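Right, one structure below, let's go through it.
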Amino acid sequence: MNFEELIQDVYLKIKSREDKGERASYIPELSNVDPKNFGVHISTINQVNFGIGNYNDKFSIQSISKVLALILAYRIVGDEIWDRVGVEPSGTAFNSLFQLEADKGIPRNPFLNGGAIVVSDILLSNLKNPKEDFIDFVRGISNNTTLEYSNSIAQSEKDVGYRNVALCNFIKSFGQIENEPSVILDFYYDLCSLEMSCKELSELFLFLANNGLGLQNNESILSESQSKRINALMQTCGFYDESGEFAFKVGLPGKSGVGGGIIAIHPDQYAIAVWSPKLNKKGNSYKGMMFLEEFTTRSELSLF
Ligand code: GLU
């Protein structure tokens with residue numbers, strides 16, 4: 001498979017299309033990003049690395065970091081994590097409150113804001129210096145010491161984080177949160193503010209295409225079974241209430257963020273990252289979704 005040629009072809013085709021999306025404006029800082037940015041980068045198990053467009057520019061990865069937080073918490077507490085957060089697609093928006101009432105404060109899955117807030121709570125209870133330990137973990141698995149949080153993004157989100165405050169307090173009211181909501185939310189906003197390029201993202205996530213083994217030094221980041229479970233969750237819950245659509249059209253485990261980034265994994269083959277800031281109505285990158293649909297259709301390498 002000549003990924004370079006295919007990516008180039010699909011990229012140019014999607015780039016020329018009209019972008020009918022809108023930037024996420026509910027986090028003020030995200031609406032300052034140039035909407036014309038469009039980048040793609042693939043990293044494969046066979047050591048192919050190829051990028052096009054703005055693949056080296058850093059952007060706010062937002063919810064994609066929920067996967068990294070989950071992985072770290074899963075490593076620390078193991079299967080006990082599933083007592084605190086479910087593994088079901090929610091069919092609701094990422095910041096919806098209403099299922100939590102019926103579910104007594106147990107979020108349906110770790111990629112909803114409520115779920116990621118619970119995962120942040122678990123990390124706070126188990127790490128000595130949560131903010132430093134988390135970034136060290138991410139830098140360690142990607143072998144990239146330049147990765148950083150963005151203070152301006154975190155602050156911008158904190159300034160308007162009314163729904164996240166509500167979610168955190170609501171979950172705490174059911175006794176499902178240990179730490180102080182304000183401390184959890186500060187940590188959660190830091191996690192969401194991580195900045196990476198498409199190249200950095202695809203390199204970082206490649207271990208999920210490799211049964212949990214890092215490619216640089218064969219170090220086990222997750223066990224084979226844990227790695228499968230993370231991929232299963234990304235497949236079923238990675239795209240808010242458009243997860244079914246993504247499975248239907250793209251057919252890969254993946255995760256999106258409201259910064260316009262998407263990471264998708266083809267187990268045993270590759271990790272691919274796409275970034276285009278304008279989002280469709282469900283909060284996923286408009287052109288990112290189109291690119292991946294066309295790419296997997298033409299590569300004929302979907303999982304199904
Ligand atoms: N930090 C964002 C929020 O809490 C994450 C949303 C996302 O990327 O899905 O609203």
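Chains: A, B, ... in order of the structure tokens. Residues: from 1 per chain. Ligands: from 1, in order shown.
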* To do: Name all residues at most 10 Å from range 172-179 of chain A (count only C-alpha atoms; drop same-chain ones fewer than 3 positions away) and give them as a PyMOL selection string.
  => chain A and resi 84-85+100-101+103-107+117-122+124-125+166-169+182-184
Generate the output file for the selected residues, C-alpha atoms, as a compact mmCIF listing (two decimals), in the first residue's frame.
```
# COMPACT_ATOMS: atom_id res chain seq x y z
CA ARG A 84 -16.18 4.17 38.53
CA VAL A 85 -16.88 4.68 34.84
CA LEU A 100 -26.04 10.88 35.30
CA GLU A 101 -29.19 11.23 37.36
CA ASP A 103 -26.98 6.25 36.56
CA LYS A 104 -26.32 7.67 40.05
CA GLY A 105 -23.19 9.54 39.12
CA ILE A 106 -21.45 6.78 37.13
CA PRO A 107 -20.66 8.29 33.71
CA ILE A 117 -13.61 14.16 35.20
CA VAL A 118 -13.90 10.89 37.16
CA VAL A 119 -10.66 9.64 35.54
CA SER A 120 -9.01 12.95 36.55
CA ASP A 121 -10.23 12.35 40.11
CA ILE A 122 -8.66 8.86 40.08
CA LEU A 124 -5.40 13.03 41.49
CA SER A 125 -5.87 10.41 44.21
CA ALA A 166 -22.07 21.33 37.07
CA LEU A 167 -20.99 17.84 35.96
CA CYS A 168 -18.28 17.58 38.59
CA ASN A 169 -20.52 18.75 41.43
CA SER A 182 -12.19 22.93 41.85
CA VAL A 183 -8.93 20.94 42.08
CA ILE A 184 -10.23 18.22 39.75
```
* **Polymer residues at most 12 Å from range 213-216 of chain A, only C-alpha atoms, same-chain spacing of 3 or more positions, as a PyMOL selection string** => chain A and resi 43-47+140-144+203-210+219-228+267-268+270
Export N, CA, C and O atoms of the chosen residues as a short mmCIF file (atom, residue, chain, number, x, y, z; two decimals), in the first residue's frame?
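Resulting contents of selection.cif:
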```cif
data_model
loop_
_atom_site.label_atom_id
_atom_site.label_comp_id
_atom_site.auth_asym_id
_atom_site.auth_seq_id
_atom_site.Cartn_x
_atom_site.Cartn_y
_atom_site.Cartn_z
N SER A 43 1.71 7.30 10.85
CA SER A 43 2.88 6.56 11.32
C SER A 43 2.49 5.08 11.26
O SER A 43 1.45 4.71 11.80
N THR A 44 3.31 4.27 10.61
CA THR A 44 2.92 2.87 10.48
C THR A 44 3.87 1.96 11.25
O THR A 44 5.00 2.33 11.56
N ILE A 45 3.38 0.75 11.51
CA ILE A 45 4.18 -0.26 12.19
C ILE A 45 5.44 -0.57 11.37
O ILE A 45 6.48 -0.87 11.92
N ASN A 46 5.30 -0.46 10.04
CA ASN A 46 6.46 -0.72 9.17
C ASN A 46 7.34 0.49 8.96
O ASN A 46 8.05 0.58 7.96
N GLN A 47 7.22 1.46 9.87
CA GLN A 47 8.12 2.62 9.87
C GLN A 47 7.90 3.60 8.73
O GLN A 47 8.81 4.33 8.36
N GLY A 140 7.01 10.51 28.03
CA GLY A 140 7.72 9.22 28.06
C GLY A 140 7.24 8.29 26.96
O GLY A 140 8.06 7.72 26.24
N ILE A 141 5.92 8.15 26.81
CA ILE A 141 5.47 7.18 25.79
C ILE A 141 5.73 7.70 24.38
O ILE A 141 5.86 6.93 23.44
N SER A 142 5.82 9.03 24.24
CA SER A 142 6.05 9.52 22.87
C SER A 142 7.53 9.81 22.63
O SER A 142 7.91 10.15 21.52
N ASN A 143 8.34 9.67 23.69
CA ASN A 143 9.76 9.96 23.57
C ASN A 143 9.96 11.39 23.05
O ASN A 143 10.79 11.64 22.18
N ASN A 144 9.16 12.30 23.58
CA ASN A 144 9.17 13.67 23.07
C ASN A 144 9.05 14.62 24.26
O ASN A 144 7.98 14.80 24.82
N GLU A 203 2.62 9.57 16.08
CA GLU A 203 3.75 8.84 16.67
C GLU A 203 3.40 8.33 18.07
O GLU A 203 3.68 7.19 18.43
N LEU A 204 2.75 9.20 18.83
CA LEU A 204 2.41 8.85 20.22
C LEU A 204 1.43 7.67 20.29
O LEU A 204 1.58 6.77 21.10
N PHE A 205 0.42 7.68 19.40
CA PHE A 205 -0.63 6.67 19.50
C PHE A 205 -0.32 5.37 18.77
O PHE A 205 -1.11 4.43 18.82
N LEU A 206 0.84 5.30 18.14
CA LEU A 206 1.15 4.10 17.35
C LEU A 206 1.17 2.82 18.22
O LEU A 206 0.86 1.74 17.74
N PHE A 207 1.48 2.97 19.50
CA PHE A 207 1.54 1.77 20.35
C PHE A 207 0.19 1.06 20.44
O PHE A 207 0.14 -0.15 20.68
N LEU A 208 -0.89 1.80 20.21
CA LEU A 208 -2.21 1.14 20.24
C LEU A 208 -2.46 0.31 18.99
O LEU A 208 -3.36 -0.53 18.96
N ALA A 209 -1.65 0.53 17.96
CA ALA A 209 -1.72 -0.33 16.77
C ALA A 209 -0.76 -1.51 16.93
O ALA A 209 -0.69 -2.38 16.07
N ASN A 210 -0.01 -1.50 18.02
CA ASN A 210 1.05 -2.49 18.20
C ASN A 210 0.84 -3.27 19.51
O ASN A 210 1.79 -3.52 20.24
N GLU A 219 8.90 -1.25 24.81
CA GLU A 219 8.44 -1.18 26.20
C GLU A 219 6.92 -1.35 26.22
O GLU A 219 6.22 -0.82 25.36
N SER A 220 6.42 -2.12 27.22
CA SER A 220 4.98 -2.34 27.29
C SER A 220 4.30 -1.15 27.96
O SER A 220 4.52 -0.88 29.14
N ILE A 221 3.48 -0.44 27.20
CA ILE A 221 2.76 0.70 27.76
C ILE A 221 1.43 0.23 28.32
O ILE A 221 1.00 0.65 29.40
N LEU A 222 0.80 -0.70 27.63
CA LEU A 222 -0.39 -1.40 28.12
C LEU A 222 -0.22 -2.88 27.77
O LEU A 222 0.46 -3.21 26.79
N SER A 223 -0.90 -3.76 28.52
CA SER A 223 -0.89 -5.17 28.12
C SER A 223 -1.71 -5.30 26.84
O SER A 223 -2.47 -4.39 26.48
N GLU A 224 -1.56 -6.46 26.18
CA GLU A 224 -2.29 -6.66 24.93
C GLU A 224 -3.80 -6.51 25.16
O GLU A 224 -4.51 -5.87 24.39
N SER A 225 -4.28 -7.09 26.26
CA SER A 225 -5.72 -7.05 26.50
C SER A 225 -6.17 -5.62 26.85
O SER A 225 -7.23 -5.17 26.41
N GLN A 226 -5.36 -4.90 27.62
CA GLN A 226 -5.73 -3.51 27.94
C GLN A 226 -5.77 -2.66 26.67
O GLN A 226 -6.64 -1.82 26.49
N SER A 227 -4.79 -2.90 25.80
CA SER A 227 -4.72 -2.13 24.56
C SER A 227 -5.96 -2.39 23.70
O SER A 227 -6.55 -1.46 23.13
N LYS A 228 -6.40 -3.65 23.65
CA LYS A 228 -7.62 -3.97 22.89
C LYS A 228 -8.82 -3.24 23.48
O LYS A 228 -9.70 -2.78 22.76
N PRO A 267 -5.41 -1.31 14.04
CA PRO A 267 -4.59 -2.29 14.76
C PRO A 267 -3.71 -3.10 13.79
O PRO A 267 -4.17 -3.51 12.72
N ASP A 268 -2.45 -3.25 14.16
CA ASP A 268 -1.43 -3.96 13.37
C ASP A 268 -0.98 -3.21 12.13
O ASP A 268 -0.17 -3.73 11.35
N TYR A 270 -1.40 1.02 11.50
CA TYR A 270 -0.95 2.41 11.59
C TYR A 270 -1.77 3.22 12.59
O TYR A 270 -2.83 2.79 13.05
#
```
* Hey, which residues come within 6 Å of ligand 1 if we count only C-alpha atoms and all ligand atoms? Could you give them as a ChimeraX atom specification? -> /A:62-63,113,192,257-258
* Write out as an MDAnalysis selection string the residues lying within 8 Å of Phe38 in chain A, counting only C-alpha atoms and excluding same-chain residues fewer than 3 positions away. => chainID A and resid 15 53:55 274:277
* **Point-to-point distance in Å for CA of Lys281 in chain A and CA of Gly161 in chain A** =>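 That distance, rounded to one decimal, is 20.1 Å.
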* Can you pull out every residue within 10 Å of Lys58 in chain A, counting only C-alpha atoms, but drop anything in the same chain fewer than 3 positions away, and send it as a list in words? =>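 Listing them by chain and then by number gives Asn54, Tyr55, Ile61, Leu147, Leu194, Glu195, Met196, Ser197, Cys198, Lys199, Glu200, Leu201 and Trp275 of chain A.
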So that I have them on file, write out the residues from the current selection with N, CA, C and O atoms, as a PDB file, in the first residue's frame.
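So result19.pdb came out as:
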```pdb
ATOM      1  N   ASN A  54      -0.577  21.106   7.248  1.00  0.00           N
ATOM      2  CA  ASN A  54      -0.090  21.642   8.533  1.00  0.00           C
ATOM      3  C   ASN A  54       0.179  20.529   9.548  1.00  0.00           C
ATOM      4  O   ASN A  54      -0.211  20.634  10.708  1.00  0.00           O
ATOM      5  N   TYR A  55       0.875  19.491   9.110  1.00  0.00           N
ATOM      6  CA  TYR A  55       1.048  18.327   9.991  1.00  0.00           C
ATOM      7  C   TYR A  55       2.059  18.548  11.111  1.00  0.00           C
ATOM      8  O   TYR A  55       2.127  17.787  12.058  1.00  0.00           O
ATOM      9  N   ILE A  61      -5.292  19.546  21.642  1.00  0.00           N
ATOM     10  CA  ILE A  61      -5.842  18.212  21.335  1.00  0.00           C
ATOM     11  C   ILE A  61      -7.139  17.935  22.104  1.00  0.00           C
ATOM     12  O   ILE A  61      -7.845  16.980  21.802  1.00  0.00           O
ATOM     13  N   LEU A 147       6.594  18.231  24.561  1.00  0.00           N
ATOM     14  CA  LEU A 147       5.134  18.357  24.719  1.00  0.00           C
ATOM     15  C   LEU A 147       4.794  19.218  25.937  1.00  0.00           C
ATOM     16  O   LEU A 147       5.411  19.081  26.995  1.00  0.00           O
ATOM     17  N   LEU A 194      -3.421  20.190  26.434  1.00  0.00           N
ATOM     18  CA  LEU A 194      -2.203  19.667  25.794  1.00  0.00           C
ATOM     19  C   LEU A 194      -2.170  20.042  24.313  1.00  0.00           C
ATOM     20  O   LEU A 194      -3.201  19.970  23.637  1.00  0.00           O
ATOM     21  N   GLU A 195      -0.999  20.418  23.848  1.00  0.00           N
ATOM     22  CA  GLU A 195      -0.868  20.781  22.432  1.00  0.00           C
ATOM     23  C   GLU A 195       0.053  19.800  21.720  1.00  0.00           C
ATOM     24  O   GLU A 195       1.115  19.439  22.247  1.00  0.00           O
ATOM     25  N   MET A 196      -0.344  19.377  20.561  1.00  0.00           N
ATOM     26  CA  MET A 196       0.486  18.464  19.753  1.00  0.00           C
ATOM     27  C   MET A 196       0.212  18.720  18.285  1.00  0.00           C
ATOM     28  O   MET A 196      -0.838  19.249  17.916  1.00  0.00           O
ATOM     29  N   SER A 197       1.148  18.277  17.458  1.00  0.00           N
ATOM     30  CA  SER A 197       0.940  18.326  16.008  1.00  0.00           C
ATOM     31  C   SER A 197       0.394  16.960  15.571  1.00  0.00           C
ATOM     32  O   SER A 197       0.441  15.978  16.335  1.00  0.00           O
ATOM     33  N   CYS A 198      -0.070  16.888  14.318  1.00  0.00           N
ATOM     34  CA  CYS A 198      -0.529  15.596  13.785  1.00  0.00           C
ATOM     35  C   CYS A 198       0.622  14.579  13.840  1.00  0.00           C
ATOM     36  O   CYS A 198       0.407  13.398  14.145  1.00  0.00           O
ATOM     37  N   LYS A 199       1.826  15.046  13.534  1.00  0.00           N
ATOM     38  CA  LYS A 199       2.975  14.136  13.537  1.00  0.00           C
ATOM     39  C   LYS A 199       3.190  13.564  14.947  1.00  0.00           C
ATOM     40  O   LYS A 199       3.335  12.357  15.134  1.00  0.00           O
ATOM     41  N   GLU A 200       3.164  14.459  15.940  1.00  0.00           N
ATOM     42  CA  GLU A 200       3.371  14.002  17.320  1.00  0.00           C
ATOM     43  C   GLU A 200       2.256  13.061  17.765  1.00  0.00           C
ATOM     44  O   GLU A 200       2.503  12.066  18.454  1.00  0.00           O
ATOM     45  N   LEU A 201       1.029  13.375  17.355  1.00  0.00           N
ATOM     46  CA  LEU A 201      -0.099  12.526  17.762  1.00  0.00           C
ATOM     47  C   LEU A 201       0.009  11.126  17.167  1.00  0.00           C
ATOM     48  O   LEU A 201      -0.201  10.127  17.865  1.00  0.00           O
ATOM     49  N   TRP A 275      -6.023  17.067  11.326  1.00  0.00           N
ATOM     50  CA  TRP A 275      -6.435  18.293  12.028  1.00  0.00           C
ATOM     51  C   TRP A 275      -7.028  19.294  11.054  1.00  0.00           C
ATOM     52  O   TRP A 275      -6.388  19.642  10.049  1.00  0.00           O
TER      53      TRP A 275
END
```
Would you mind listing what lies within 12 Å of Ser16 in chain A as a compact mmCIF listing (two decimals) with C-alpha atoms, in the first residue's frame, with only C-alpha atoms counted and same-chain residues fewer than 3 positions away left out?
```
# COMPACT_ATOMS: atom_id res chain seq x y z
CA ASP A 9 -4.55 12.46 -3.33
CA VAL A 10 -7.29 12.37 -0.70
CA TYR A 11 -5.85 15.44 1.06
CA LEU A 12 -5.97 17.58 -2.10
CA LYS A 13 -9.48 16.42 -2.90
CA ASP A 19 -15.70 23.61 4.71
CA LYS A 36 -7.84 27.04 7.04
CA PHE A 38 -5.49 21.26 7.52
CA LYS A 287 -12.93 17.87 6.99
CA MET A 290 -14.43 13.47 5.38
CA PHE A 291 -10.72 12.79 4.95
```
* How would you write, as a list in words, the set of residues in range 155-185 of chain A that DSSP gives as helix (DSSP H, G or I)? ->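 The helix (DSSP H, G or I) residues within range 155-185 of chain A come out as Gln155, Ser156, Glu157, Lys158, Asp159, Tyr162, Arg163, Asn164, Val165, Ala166, Leu167, Cys168, Asn169, Phe170, Ile171, Lys172, Ser173, Pro181, Ser182, Val183, Ile184 and Leu185 of chain A.
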* Asked: Which of these residues is nearest to Lys20 in chain A, using only C-alpha atoms: A:Glu132, A:Ser302, A:Asn284, A:Arg139?
  ->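 Checking each of A:Glu132, A:Ser302, A:Asn284, A:Arg139 against Lys20 in chain A, counting only C-alpha atoms, the winner is A:Asn284.
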* Determine which residues of range 117-286 of chain A receive a DSSP assignment of strand (DSSP E), computed from the backbone, and state them as a ChimeraX atom specification. => /A:195-196,254-256,261-266,270-275
* **Using only C-alpha atoms: which of A:Glu29, A:Asp133, A:Asp241, A:Asp79 has the shortest distance to Glu157 in chain A** =>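 Among the listed residues, A:Glu29 lies closest to Glu157 in chain A.
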* To do: Tell me, as a VMD selection string, which residues lie within 8 Å of Leu112 in chain A, counting only C-alpha atoms; anything in the same chain fewer than 3 positions away does not count.
  => chain A and resid 93 to 95 107 to 109 115 to 116 240
Residues from the last selection, all heavy atoms, saved as a PDB file, in the first residue's frame:
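Generated file (out-v3.pdb):
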```
ATOM      1  N   ALA A  93     -24.574  14.211  23.888  1.00  0.00           N
ATOM      2  CA  ALA A  93     -23.443  15.114  23.694  1.00  0.00           C
ATOM      3  C   ALA A  93     -22.408  14.881  24.801  1.00  0.00           C
ATOM      4  O   ALA A  93     -22.741  14.371  25.882  1.00  0.00           O
ATOM      5  CB  ALA A  93     -23.924  16.547  23.718  1.00  0.00           C
ATOM      6  N   PHE A  94     -21.182  15.300  24.531  1.00  0.00           N
ATOM      7  CA  PHE A  94     -20.073  15.026  25.466  1.00  0.00           C
ATOM      8  C   PHE A  94     -20.246  15.697  26.818  1.00  0.00           C
ATOM      9  O   PHE A  94     -19.678  15.268  27.808  1.00  0.00           O
ATOM     10  CB  PHE A  94     -18.733  15.434  24.840  1.00  0.00           C
ATOM     11  CG  PHE A  94     -18.634  16.900  24.500  1.00  0.00           C
ATOM     12  CD1 PHE A  94     -18.005  17.778  25.373  1.00  0.00           C
ATOM     13  CD2 PHE A  94     -19.152  17.394  23.313  1.00  0.00           C
ATOM     14  CE1 PHE A  94     -17.897  19.122  25.062  1.00  0.00           C
ATOM     15  CE2 PHE A  94     -19.054  18.738  23.001  1.00  0.00           C
ATOM     16  CZ  PHE A  94     -18.430  19.608  23.877  1.00  0.00           C
ATOM     17  N   ASN A  95     -21.043  16.771  26.853  1.00  0.00           N
ATOM     18  CA  ASN A  95     -21.153  17.505  28.119  1.00  0.00           C
ATOM     19  C   ASN A  95     -22.568  17.416  28.703  1.00  0.00           C
ATOM     20  O   ASN A  95     -22.976  18.246  29.489  1.00  0.00           O
ATOM     21  CB  ASN A  95     -20.756  18.964  27.909  1.00  0.00           C
ATOM     22  CG  ASN A  95     -21.533  19.609  26.772  1.00  0.00           C
ATOM     23  OD1 ASN A  95     -22.474  19.013  26.246  1.00  0.00           O
ATOM     24  ND2 ASN A  95     -21.143  20.814  26.404  1.00  0.00           N
ATOM     25  N   PRO A 107     -20.576   7.899  35.116  1.00  0.00           N
ATOM     26  CA  PRO A 107     -20.656   8.289  33.707  1.00  0.00           C
ATOM     27  C   PRO A 107     -20.646   7.066  32.792  1.00  0.00           C
ATOM     28  O   PRO A 107     -19.992   6.064  33.094  1.00  0.00           O
ATOM     29  CB  PRO A 107     -19.403   9.141  33.502  1.00  0.00           C
ATOM     30  CG  PRO A 107     -18.992   9.572  34.876  1.00  0.00           C
ATOM     31  CD  PRO A 107     -19.398   8.459  35.792  1.00  0.00           C
ATOM     32  N   ARG A 108     -21.379   7.159  31.694  1.00  0.00           N
ATOM     33  CA  ARG A 108     -21.490   5.997  30.782  1.00  0.00           C
ATOM     34  C   ARG A 108     -20.145   5.549  30.214  1.00  0.00           C
ATOM     35  O   ARG A 108     -19.946   4.371  29.954  1.00  0.00           O
ATOM     36  CB  ARG A 108     -22.410   6.341  29.609  1.00  0.00           C
ATOM     37  CG  ARG A 108     -23.857   6.499  29.966  1.00  0.00           C
ATOM     38  CD  ARG A 108     -24.654   5.221  29.775  1.00  0.00           C
ATOM     39  NE  ARG A 108     -25.916   5.361  30.462  1.00  0.00           N
ATOM     40  CZ  ARG A 108     -27.106   5.381  29.858  1.00  0.00           C
ATOM     41  NH1 ARG A 108     -27.192   5.241  28.565  1.00  0.00           N
ATOM     42  NH2 ARG A 108     -28.200   5.510  30.573  1.00  0.00           N
ATOM     43  N   ASN A 109     -19.253   6.492  29.945  1.00  0.00           N
ATOM     44  CA  ASN A 109     -17.951   6.085  29.412  1.00  0.00           C
ATOM     45  C   ASN A 109     -16.899   7.159  29.707  1.00  0.00           C
ATOM     46  O   ASN A 109     -17.246   8.302  30.030  1.00  0.00           O
ATOM     47  CB  ASN A 109     -18.044   5.747  27.905  1.00  0.00           C
ATOM     48  CG  ASN A 109     -18.260   6.964  27.042  1.00  0.00           C
ATOM     49  OD1 ASN A 109     -17.397   7.839  26.966  1.00  0.00           O
ATOM     50  ND2 ASN A 109     -19.425   7.052  26.397  1.00  0.00           N
ATOM     51  N   GLY A 115     -17.064  11.403  32.429  1.00  0.00           N
ATOM     52  CA  GLY A 115     -16.166  10.252  32.571  1.00  0.00           C
ATOM     53  C   GLY A 115     -14.720  10.691  32.737  1.00  0.00           C
ATOM     54  O   GLY A 115     -13.979  10.177  33.590  1.00  0.00           O
ATOM     55  N   ALA A 116     -14.323  11.681  31.957  1.00  0.00           N
ATOM     56  CA  ALA A 116     -12.930  12.150  32.043  1.00  0.00           C
ATOM     57  C   ALA A 116     -12.689  12.881  33.364  1.00  0.00           C
ATOM     58  O   ALA A 116     -11.571  12.866  33.894  1.00  0.00           O
ATOM     59  CB  ALA A 116     -12.625  13.060  30.862  1.00  0.00           C
ATOM     60  N   TYR A 240     -18.295  11.229  20.391  1.00  0.00           N
ATOM     61  CA  TYR A 240     -19.500  11.799  20.981  1.00  0.00           C
ATOM     62  C   TYR A 240     -20.716  11.001  20.477  1.00  0.00           C
ATOM     63  O   TYR A 240     -20.626   9.783  20.349  1.00  0.00           O
ATOM     64  CB  TYR A 240     -19.618  13.298  20.645  1.00  0.00           C
ATOM     65  CG  TYR A 240     -18.312  14.064  20.781  1.00  0.00           C
ATOM     66  CD1 TYR A 240     -17.755  14.758  19.718  1.00  0.00           C
ATOM     67  CD2 TYR A 240     -17.615  14.059  21.992  1.00  0.00           C
ATOM     68  CE1 TYR A 240     -16.558  15.459  19.851  1.00  0.00           C
ATOM     69  CE2 TYR A 240     -16.413  14.745  22.127  1.00  0.00           C
ATOM     70  CZ  TYR A 240     -15.896  15.440  21.046  1.00  0.00           C
ATOM     71  OH  TYR A 240     -14.730  16.107  21.181  1.00  0.00           O
TER      72      TYR A 240
END
```
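The smallest atom-to-atom distance between Pro35 in chain A and any of A:Gly283, A:Ile230, A:Lys278, A:Thr236, using only C-alpha atoms, is found for A:Lys278.
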